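These notes concern the structure reproduced below.
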Amino acid sequence: MKKTISHIENEILSIILGGGAGTRLSPLTSSRSKPAVPIAGKYRLVDIPISNCLHSNINRMFVLTQFNSASLNRHIKNTYHFSAFSKAFVDILAAEQTPDNPTWFQGTADAVRQSLRHIERFESEYILILSGDQLYQMDFAKMLDNHKELGADISIATIPVTEREAPEFGILKSADGLITSFIEKPKAELLPDWLSDTGDMMRGMGRNYLASMGIYIFNRKLLFDLLQKEFADATDFGKGIIPQSIDKYTVASYQYDGYWTDIGNIYSFFEANLGLTADLPDFNLFDNENAIYTRPRMLPPAKISGTTLEKTLVAEGSIIHASRIERSVIGIRSRVGHGTTLVSTYLMGSDFYETLTEIANAKANGIPVIGIGERSYISNAIIDKNVRIGNDVRINGGPHLENTDNALYTVKDGIVVVKKGVTIPNGYVI
């Protein structure tokens, strides 16, 4: 049973890390911070941890960011409004230079350290630290209960992973729910020494290694002491503070067996979005108890004419005349012209509608309208917002394409990413 808001309101405070420059997610992060990247056609990445917090009755949150934060600030301001009689808030803490600290954030721990002077004014017994670029649904109240039951100083959310995945993560070993050792991204030959009892179901799936999810609960006083005194020079939690704390403090593992993915690069972002189109997706957007919150835009319903849709999500406000759309995500205010086919494509949509006059002027001047024109074919692609793609355009992503970057698009791991706001002329071929 979930705690009431009044019980947990002053007990725990959440800090959501906005990440660094997000170069692995470029060009999607060229003009926006990683938490502000659109996901599933209508949300932003930051909506995931915020929604998880709200469903866990944690309603005081700080979002830490320093790169391209304008769109994130705008999204937070337009989305998360609470009663004037509530203590709830979602506030941005952007990196700032001060007389006693002229540097930007140097890592996850340093970001929290530099923000402590803002955080210390808010009462709490515990601090929850989250990443802003992960896709999952978790009840943090259960993690907090586990933290208290084990008398932990620090808790780390862990997830069982396979032998193939283990070298990509920080791997932990635990006994009786407490973490006894940690290794960062172990080489394959070391893995036999890091097997864990993850339970019968996880073992049956070959998931025998406990990986850190980068989700932590700290006792408040300890966190302040670690950051300001004991590990005052440590810049990162995963590489610095956590490994050094295991032998000194009671560090608990909270094993999570649900769906979780770290959206750190274009491939994982692409697969996470297209995974939502499955008949029974691993991440459930259609859950009464765990709805993802986002900005209410008051858009009209999507309008679809003459289109065959197969395993496709279509966001509100879209006008679709395509021939066929298959295993794709169509974002808000998208336009797709007659005779066009989209396969395995994430079309992010548009921030605004062009007026009929603007559309007529664009056509008269040979400029494509915002969206995708007629008789085009696009596969294995991400089309960022406000893009103009003309008629008879062919974009065919796949492993046959080499990684490249130019003014109009980037190719990473065979995925073509058309950059925000660019124009792809009629007949263009990628």
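Residues are named by chain letter and number: chains run A, B, ... in the order of the structure tokens, numbers start at 1 in each chain, and ligands are numbered from 1 in the order shown.
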If we count only C-alpha atoms and set the cut-off at 8 Å, which residues sit around A:Gly371, ignoring sequence neighbours fewer than 6 positions away in its own chain? Please answer as a PDB file with C-alpha atoms, in the first residue's frame.
ATOM      1  CA  SER A 334       2.962  15.477 -37.697  1.00  0.00           C
ATOM      2  CA  ARG A 335       2.009  15.832 -41.365  1.00  0.00           C
ATOM      3  CA  VAL A 336       2.620  12.990 -43.835  1.00  0.00           C
ATOM      4  CA  GLY A 349       6.476  16.027 -35.270  1.00  0.00           C
ATOM      5  CA  SER A 350       6.286  19.783 -34.920  1.00  0.00           C
ATOM      6  CA  ASN A 386      10.072  20.928 -37.368  1.00  0.00           C
ATOM      7  CA  VAL A 387      11.760  19.160 -40.300  1.00  0.00           C
ATOM      8  CA  ARG A 388      10.619  19.798 -43.887  1.00  0.00           C
ATOM      9  CA  ILE A 389      10.932  16.744 -46.132  1.00  0.00           C
TER      10      ILE A 389
END
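By chain and then residue number, the residues within 12 Å of A:Lys77 are Val63, Ala70, Ser71, Leu72, Asn73, Arg74, Tyr80, His81, Phe82, Phe89, Val90, Asp91, Ile92, Thr294, Arg295 and Pro296 of chain A, counting only C-alpha atoms and disregarding those fewer than 3 positions away in sequence.
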For the selection you just gave me, I'd like the residues written to a file as a PDB file, in the first residue's frame, keeping C-alpha atoms.
ATOM      1  CA  VAL A  63      16.300  18.679 -11.874  1.00  0.00           C
ATOM      2  CA  ALA A  70      16.123  26.487 -22.145  1.00  0.00           C
ATOM      3  CA  SER A  71      13.673  23.942 -23.618  1.00  0.00           C
ATOM      4  CA  LEU A  72      13.839  21.832 -20.449  1.00  0.00           C
ATOM      5  CA  ASN A  73      13.071  24.898 -18.308  1.00  0.00           C
ATOM      6  CA  ARG A  74      10.132  25.710 -20.571  1.00  0.00           C
ATOM      7  CA  TYR A  80       4.286  20.583 -13.446  1.00  0.00           C
ATOM      8  CA  HIS A  81       1.897  22.811 -11.526  1.00  0.00           C
ATOM      9  CA  PHE A  82       0.820  22.022  -7.979  1.00  0.00           C
ATOM     10  CA  PHE A  89       7.521  21.352  -6.663  1.00  0.00           C
ATOM     11  CA  VAL A  90       9.695  20.431  -9.632  1.00  0.00           C
ATOM     12  CA  ASP A  91      12.490  22.999  -9.849  1.00  0.00           C
ATOM     13  CA  ILE A  92      15.418  23.372 -12.230  1.00  0.00           C
ATOM     14  CA  THR A 294       3.541  15.499 -19.587  1.00  0.00           C
ATOM     15  CA  ARG A 295       2.481  18.905 -20.823  1.00  0.00           C
ATOM     16  CA  PRO A 296      -1.259  19.168 -21.640  1.00  0.00           C
TER      17      PRO A 296
END
Practice item. List the neighbours of A:Leu135 out to 8 Å using only C-alpha atoms; skip same-chain residues closer than 2 positions along the sequence, and give me the result as a list of chain:residue names. Key: A:Leu45, A:Ile48, A:Asp133, A:Gln137, A:Tyr259, A:Trp260, A:Thr261, A:Asp262, A:Ile263, A:Ala272, A:Phe283
Exercise for review: Write out as a ChimeraX atom specification each polymer residue whose atoms come within 10 Å of A:Ile242, counting only C-alpha atoms; drop sequence neighbours fewer than 2 positions from it.
Suggested key: /A:154-156,182,216,236-240,244-247,249,251
Residues from the last selection, N, CA and C atoms, saved as a PDB file, in the first residue's frame:
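New file result-v2.pdb:
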ATOM      1  N   ILE A 154      23.081   3.703   2.514  1.00  0.00           N
ATOM      2  CA  ILE A 154      22.939   3.964   1.078  1.00  0.00           C
ATOM      3  C   ILE A 154      22.224   2.770   0.454  1.00  0.00           C
ATOM      4  N   SER A 155      21.326   3.015  -0.469  1.00  0.00           N
ATOM      5  CA  SER A 155      20.716   1.939  -1.257  1.00  0.00           C
ATOM      6  C   SER A 155      20.976   2.192  -2.727  1.00  0.00           C
ATOM      7  N   ILE A 156      21.213   1.098  -3.446  1.00  0.00           N
ATOM      8  CA  ILE A 156      21.423   1.167  -4.892  1.00  0.00           C
ATOM      9  C   ILE A 156      20.380   0.285  -5.564  1.00  0.00           C
ATOM     10  N   PHE A 182      32.041  -4.321  -5.534  1.00  0.00           N
ATOM     11  CA  PHE A 182      31.624  -3.599  -6.732  1.00  0.00           C
ATOM     12  C   PHE A 182      32.783  -3.570  -7.715  1.00  0.00           C
ATOM     13  N   TYR A 216      19.942   5.914  -6.554  1.00  0.00           N
ATOM     14  CA  TYR A 216      20.462   5.793  -5.191  1.00  0.00           C
ATOM     15  C   TYR A 216      19.532   6.464  -4.184  1.00  0.00           C
ATOM     16  N   ASP A 236      32.114  11.777  -9.190  1.00  0.00           N
ATOM     17  CA  ASP A 236      31.094  10.885  -9.729  1.00  0.00           C
ATOM     18  C   ASP A 236      30.646   9.888  -8.663  1.00  0.00           C
ATOM     19  N   PHE A 237      29.345   9.567  -8.654  1.00  0.00           N
ATOM     20  CA  PHE A 237      28.846   8.568  -7.711  1.00  0.00           C
ATOM     21  C   PHE A 237      29.296   7.172  -8.103  1.00  0.00           C
ATOM     22  N   GLY A 238      29.027   6.775  -9.356  1.00  0.00           N
ATOM     23  CA  GLY A 238      29.291   5.406  -9.776  1.00  0.00           C
ATOM     24  C   GLY A 238      30.753   5.020  -9.781  1.00  0.00           C
ATOM     25  N   LYS A 239      31.623   5.961 -10.129  1.00  0.00           N
ATOM     26  CA  LYS A 239      33.052   5.658 -10.222  1.00  0.00           C
ATOM     27  C   LYS A 239      33.819   5.999  -8.956  1.00  0.00           C
ATOM     28  N   GLY A 240      33.276   6.903  -8.129  1.00  0.00           N
ATOM     29  CA  GLY A 240      34.024   7.362  -6.971  1.00  0.00           C
ATOM     30  C   GLY A 240      33.388   7.036  -5.640  1.00  0.00           C
ATOM     31  N   GLN A 244      33.855   3.417  -2.937  1.00  0.00           N
ATOM     32  CA  GLN A 244      34.602   3.694  -1.717  1.00  0.00           C
ATOM     33  C   GLN A 244      33.732   3.601  -0.464  1.00  0.00           C
ATOM     34  N   SER A 245      32.425   3.584  -0.635  1.00  0.00           N
ATOM     35  CA  SER A 245      31.518   3.553   0.519  1.00  0.00           C
ATOM     36  C   SER A 245      31.150   2.142   0.946  1.00  0.00           C
ATOM     37  N   ILE A 246      31.321   1.165   0.060  1.00  0.00           N
ATOM     38  CA  ILE A 246      30.827  -0.185   0.334  1.00  0.00           C
ATOM     39  C   ILE A 246      31.480  -0.805   1.566  1.00  0.00           C
ATOM     40  N   ASP A 247      32.770  -0.592   1.759  1.00  0.00           N
ATOM     41  CA  ASP A 247      33.466  -1.166   2.914  1.00  0.00           C
ATOM     42  C   ASP A 247      33.268  -0.361   4.187  1.00  0.00           C
ATOM     43  N   TYR A 249      30.261   1.683   4.897  1.00  0.00           N
ATOM     44  CA  TYR A 249      28.885   1.931   5.295  1.00  0.00           C
ATOM     45  C   TYR A 249      27.997   0.755   4.899  1.00  0.00           C
ATOM     46  N   VAL A 251      25.472  -0.623   2.720  1.00  0.00           N
ATOM     47  CA  VAL A 251      24.973  -0.313   1.384  1.00  0.00           C
ATOM     48  C   VAL A 251      24.060  -1.452   0.931  1.00  0.00           C
TER      49      VAL A 251
END
Exercise for review: Find, counting only C-alpha atoms, the residue in A:Ile76, A:Ile241, A:Ile179, A:Ala141 that gets nearest to A:Asp47.
Suggested key: A:Ile76
All residues 10 Å or closer to A:Pro425, only C-alpha atoms, same chain fewer than 3 positions away omitted, as a tab-separated table (two decimals) with N, CA and C atoms, in the first residue's frame:
chain	number	residue	atom	x	y	z
A	366	GLY	N	8.52	26.63	-53.83
A	366	GLY	CA	9.23	25.36	-53.95
A	366	GLY	C	9.83	24.86	-52.65
A	367	ILE	N	9.29	25.30	-51.52
A	367	ILE	CA	9.79	24.88	-50.20
A	367	ILE	C	8.83	23.84	-49.63
A	368	PRO	N	9.32	22.68	-49.19
A	368	PRO	CA	8.43	21.70	-48.58
A	368	PRO	C	7.77	22.26	-47.31
A	373	GLY	N	6.55	15.03	-47.26
A	373	GLY	CA	5.76	15.24	-48.48
A	373	GLY	C	5.18	13.96	-49.06
A	388	ARG	N	11.36	19.74	-42.63
A	388	ARG	CA	10.62	19.80	-43.89
A	388	ARG	C	11.22	18.78	-44.85
A	389	ILE	N	10.47	17.77	-45.18
A	389	ILE	CA	10.93	16.74	-46.13
A	389	ILE	C	10.03	16.80	-47.36
A	390	GLY	N	10.63	16.97	-48.53
A	390	GLY	CA	9.88	17.17	-49.76
A	390	GLY	C	9.27	15.91	-50.33
A	391	ASN	N	8.83	15.99	-51.59
A	391	ASN	CA	8.24	14.86	-52.30
A	391	ASN	C	9.34	13.96	-52.86
A	392	ASP	N	9.00	12.68	-53.03
A	392	ASP	CA	9.88	11.70	-53.69
A	392	ASP	C	11.25	11.61	-53.03
A	393	VAL	N	11.28	11.79	-51.73
A	393	VAL	CA	12.53	11.64	-50.96
A	393	VAL	C	12.67	10.18	-50.54
A	422	VAL	N	15.68	21.21	-40.29
A	422	VAL	CA	16.32	21.27	-41.61
A	422	VAL	C	15.28	21.04	-42.71
A	428	TYR	N	15.52	14.00	-52.81
A	428	TYR	CA	16.79	13.75	-52.09
A	428	TYR	C	16.88	12.28	-51.71
A	429	VAL	N	18.06	11.70	-51.81
A	429	VAL	CA	18.25	10.28	-51.48
A	429	VAL	C	19.37	10.13	-50.45
Check your understanding: What are the DSSP helix (DSSP H, G or I) residues of stretch 177-319 of chain A, as a PyMOL selection string?
Key -> chain A and resi 188-194+200-204+220-230+237-245+266-275
Check your understanding: So, counting only C-alpha atoms, which residue among A:Glu123, A:Asp279, A:Asp287, A:Asp257 is closest to A:Met202?
Key -> A:Asp257
Point to revise | Within 12 Å of A:Leu285 using only C-alpha atoms, minus same-chain residues under 4 positions, as a PyMOL selection string | key: chain A and resi 39-43+48+51+135-137+273+275-281+289-293+313
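One distance worth recording is that between atom CA of A:Leu17 and atom CA of A:Leu64, which is 5.1 Å.
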Exercise for review: Compile the contact shell of stretch 167-171 of chain A as a ChimeraX atom specification: residues with an atom at most 10 Å away, counting only C-alpha atoms, same-chain residues fewer than 4 positions apart removed.
Suggested key: /A:158-163,181-188,190-191,194-196,209-214,238-239,243
Where in stretch 311-378 of chain A does DSSP assign strand (DSSP E or B), given as a short mmCIF file (atom, residue, chain, number, x, y, z; two decimals) with N, CA and C atoms, in the first residue's frame?
data_model
loop_
_atom_site.label_atom_id
_atom_site.label_comp_id
_atom_site.auth_asym_id
_atom_site.auth_seq_id
_atom_site.Cartn_x
_atom_site.Cartn_y
_atom_site.Cartn_z
N LYS A 311 1.28 -1.65 -36.27
CA LYS A 311 2.14 -1.48 -35.09
C LYS A 311 2.71 -0.05 -35.04
N THR A 312 1.83 0.90 -34.96
CA THR A 312 2.24 2.31 -35.02
C THR A 312 1.53 3.12 -33.94
N LEU A 313 2.27 4.01 -33.28
CA LEU A 313 1.70 4.98 -32.36
C LEU A 313 1.57 6.31 -33.09
N VAL A 314 0.38 6.93 -33.01
CA VAL A 314 0.15 8.23 -33.64
C VAL A 314 -0.30 9.20 -32.56
N ILE A 319 -1.87 14.90 -38.95
CA ILE A 319 -2.68 14.81 -40.17
C ILE A 319 -1.93 13.87 -41.12
N ILE A 320 -2.48 12.67 -41.31
CA ILE A 320 -1.76 11.60 -41.99
C ILE A 320 -2.51 11.18 -43.26
N ARG A 324 1.38 3.85 -46.22
CA ARG A 324 1.58 2.81 -45.21
C ARG A 324 2.56 3.33 -44.14
N ILE A 325 2.25 3.04 -42.89
CA ILE A 325 3.17 3.33 -41.79
C ILE A 325 3.27 2.07 -40.93
N GLU A 326 4.49 1.60 -40.76
CA GLU A 326 4.71 0.32 -40.09
C GLU A 326 5.80 0.44 -39.02
N ARG A 327 5.51 -0.08 -37.84
CA ARG A 327 6.44 -0.10 -36.70
C ARG A 327 7.11 1.26 -36.51
N SER A 328 6.28 2.28 -36.36
CA SER A 328 6.78 3.64 -36.28
C SER A 328 6.06 4.41 -35.18
N VAL A 329 6.69 5.49 -34.75
CA VAL A 329 6.10 6.40 -33.77
C VAL A 329 5.95 7.76 -34.43
N ILE A 330 4.73 8.27 -34.45
CA ILE A 330 4.41 9.54 -35.10
C ILE A 330 4.10 10.57 -34.02
N ARG A 335 2.69 15.87 -40.07
CA ARG A 335 2.01 15.83 -41.37
C ARG A 335 2.75 14.85 -42.27
N VAL A 336 2.02 13.93 -42.89
CA VAL A 336 2.62 12.99 -43.84
C VAL A 336 1.73 12.96 -45.08
N THR A 341 5.55 6.14 -47.53
CA THR A 341 5.68 4.96 -46.68
C THR A 341 6.74 5.21 -45.61
N LEU A 342 6.39 4.89 -44.38
CA LEU A 342 7.33 4.97 -43.26
C LEU A 342 7.46 3.60 -42.63
N VAL A 343 8.69 3.13 -42.46
CA VAL A 343 8.95 1.84 -41.82
C VAL A 343 10.02 2.05 -40.75
N SER A 344 9.76 1.58 -39.54
CA SER A 344 10.74 1.69 -38.45
C SER A 344 11.31 3.11 -38.36
N THR A 345 10.42 4.04 -38.16
CA THR A 345 10.79 5.46 -38.15
C THR A 345 10.16 6.16 -36.95
N TYR A 346 10.93 7.04 -36.34
CA TYR A 346 10.40 7.90 -35.28
C TYR A 346 10.32 9.32 -35.84
N LEU A 347 9.11 9.76 -36.13
CA LEU A 347 8.87 11.11 -36.62
C LEU A 347 8.41 11.95 -35.43
N GLY A 371 6.86 18.67 -42.14
CA GLY A 371 6.37 17.30 -42.17
C GLY A 371 7.04 16.55 -43.31
N ILE A 372 6.36 15.54 -43.81
CA ILE A 372 6.90 14.72 -44.90
C ILE A 372 5.96 14.82 -46.10
N TYR A 377 9.79 7.59 -49.24
CA TYR A 377 9.99 6.32 -48.53
C TYR A 377 11.07 6.55 -47.48
N ILE A 378 10.74 6.25 -46.22
CA ILE A 378 11.69 6.47 -45.12
C ILE A 378 11.70 5.24 -44.23
#
Check your understanding: Quick one: of A:Asn406, A:Thr108, A:Ser379, A:Thr308, who's nearest to A:Ile16, counting only C-alpha atoms?
Key -> A:Thr108
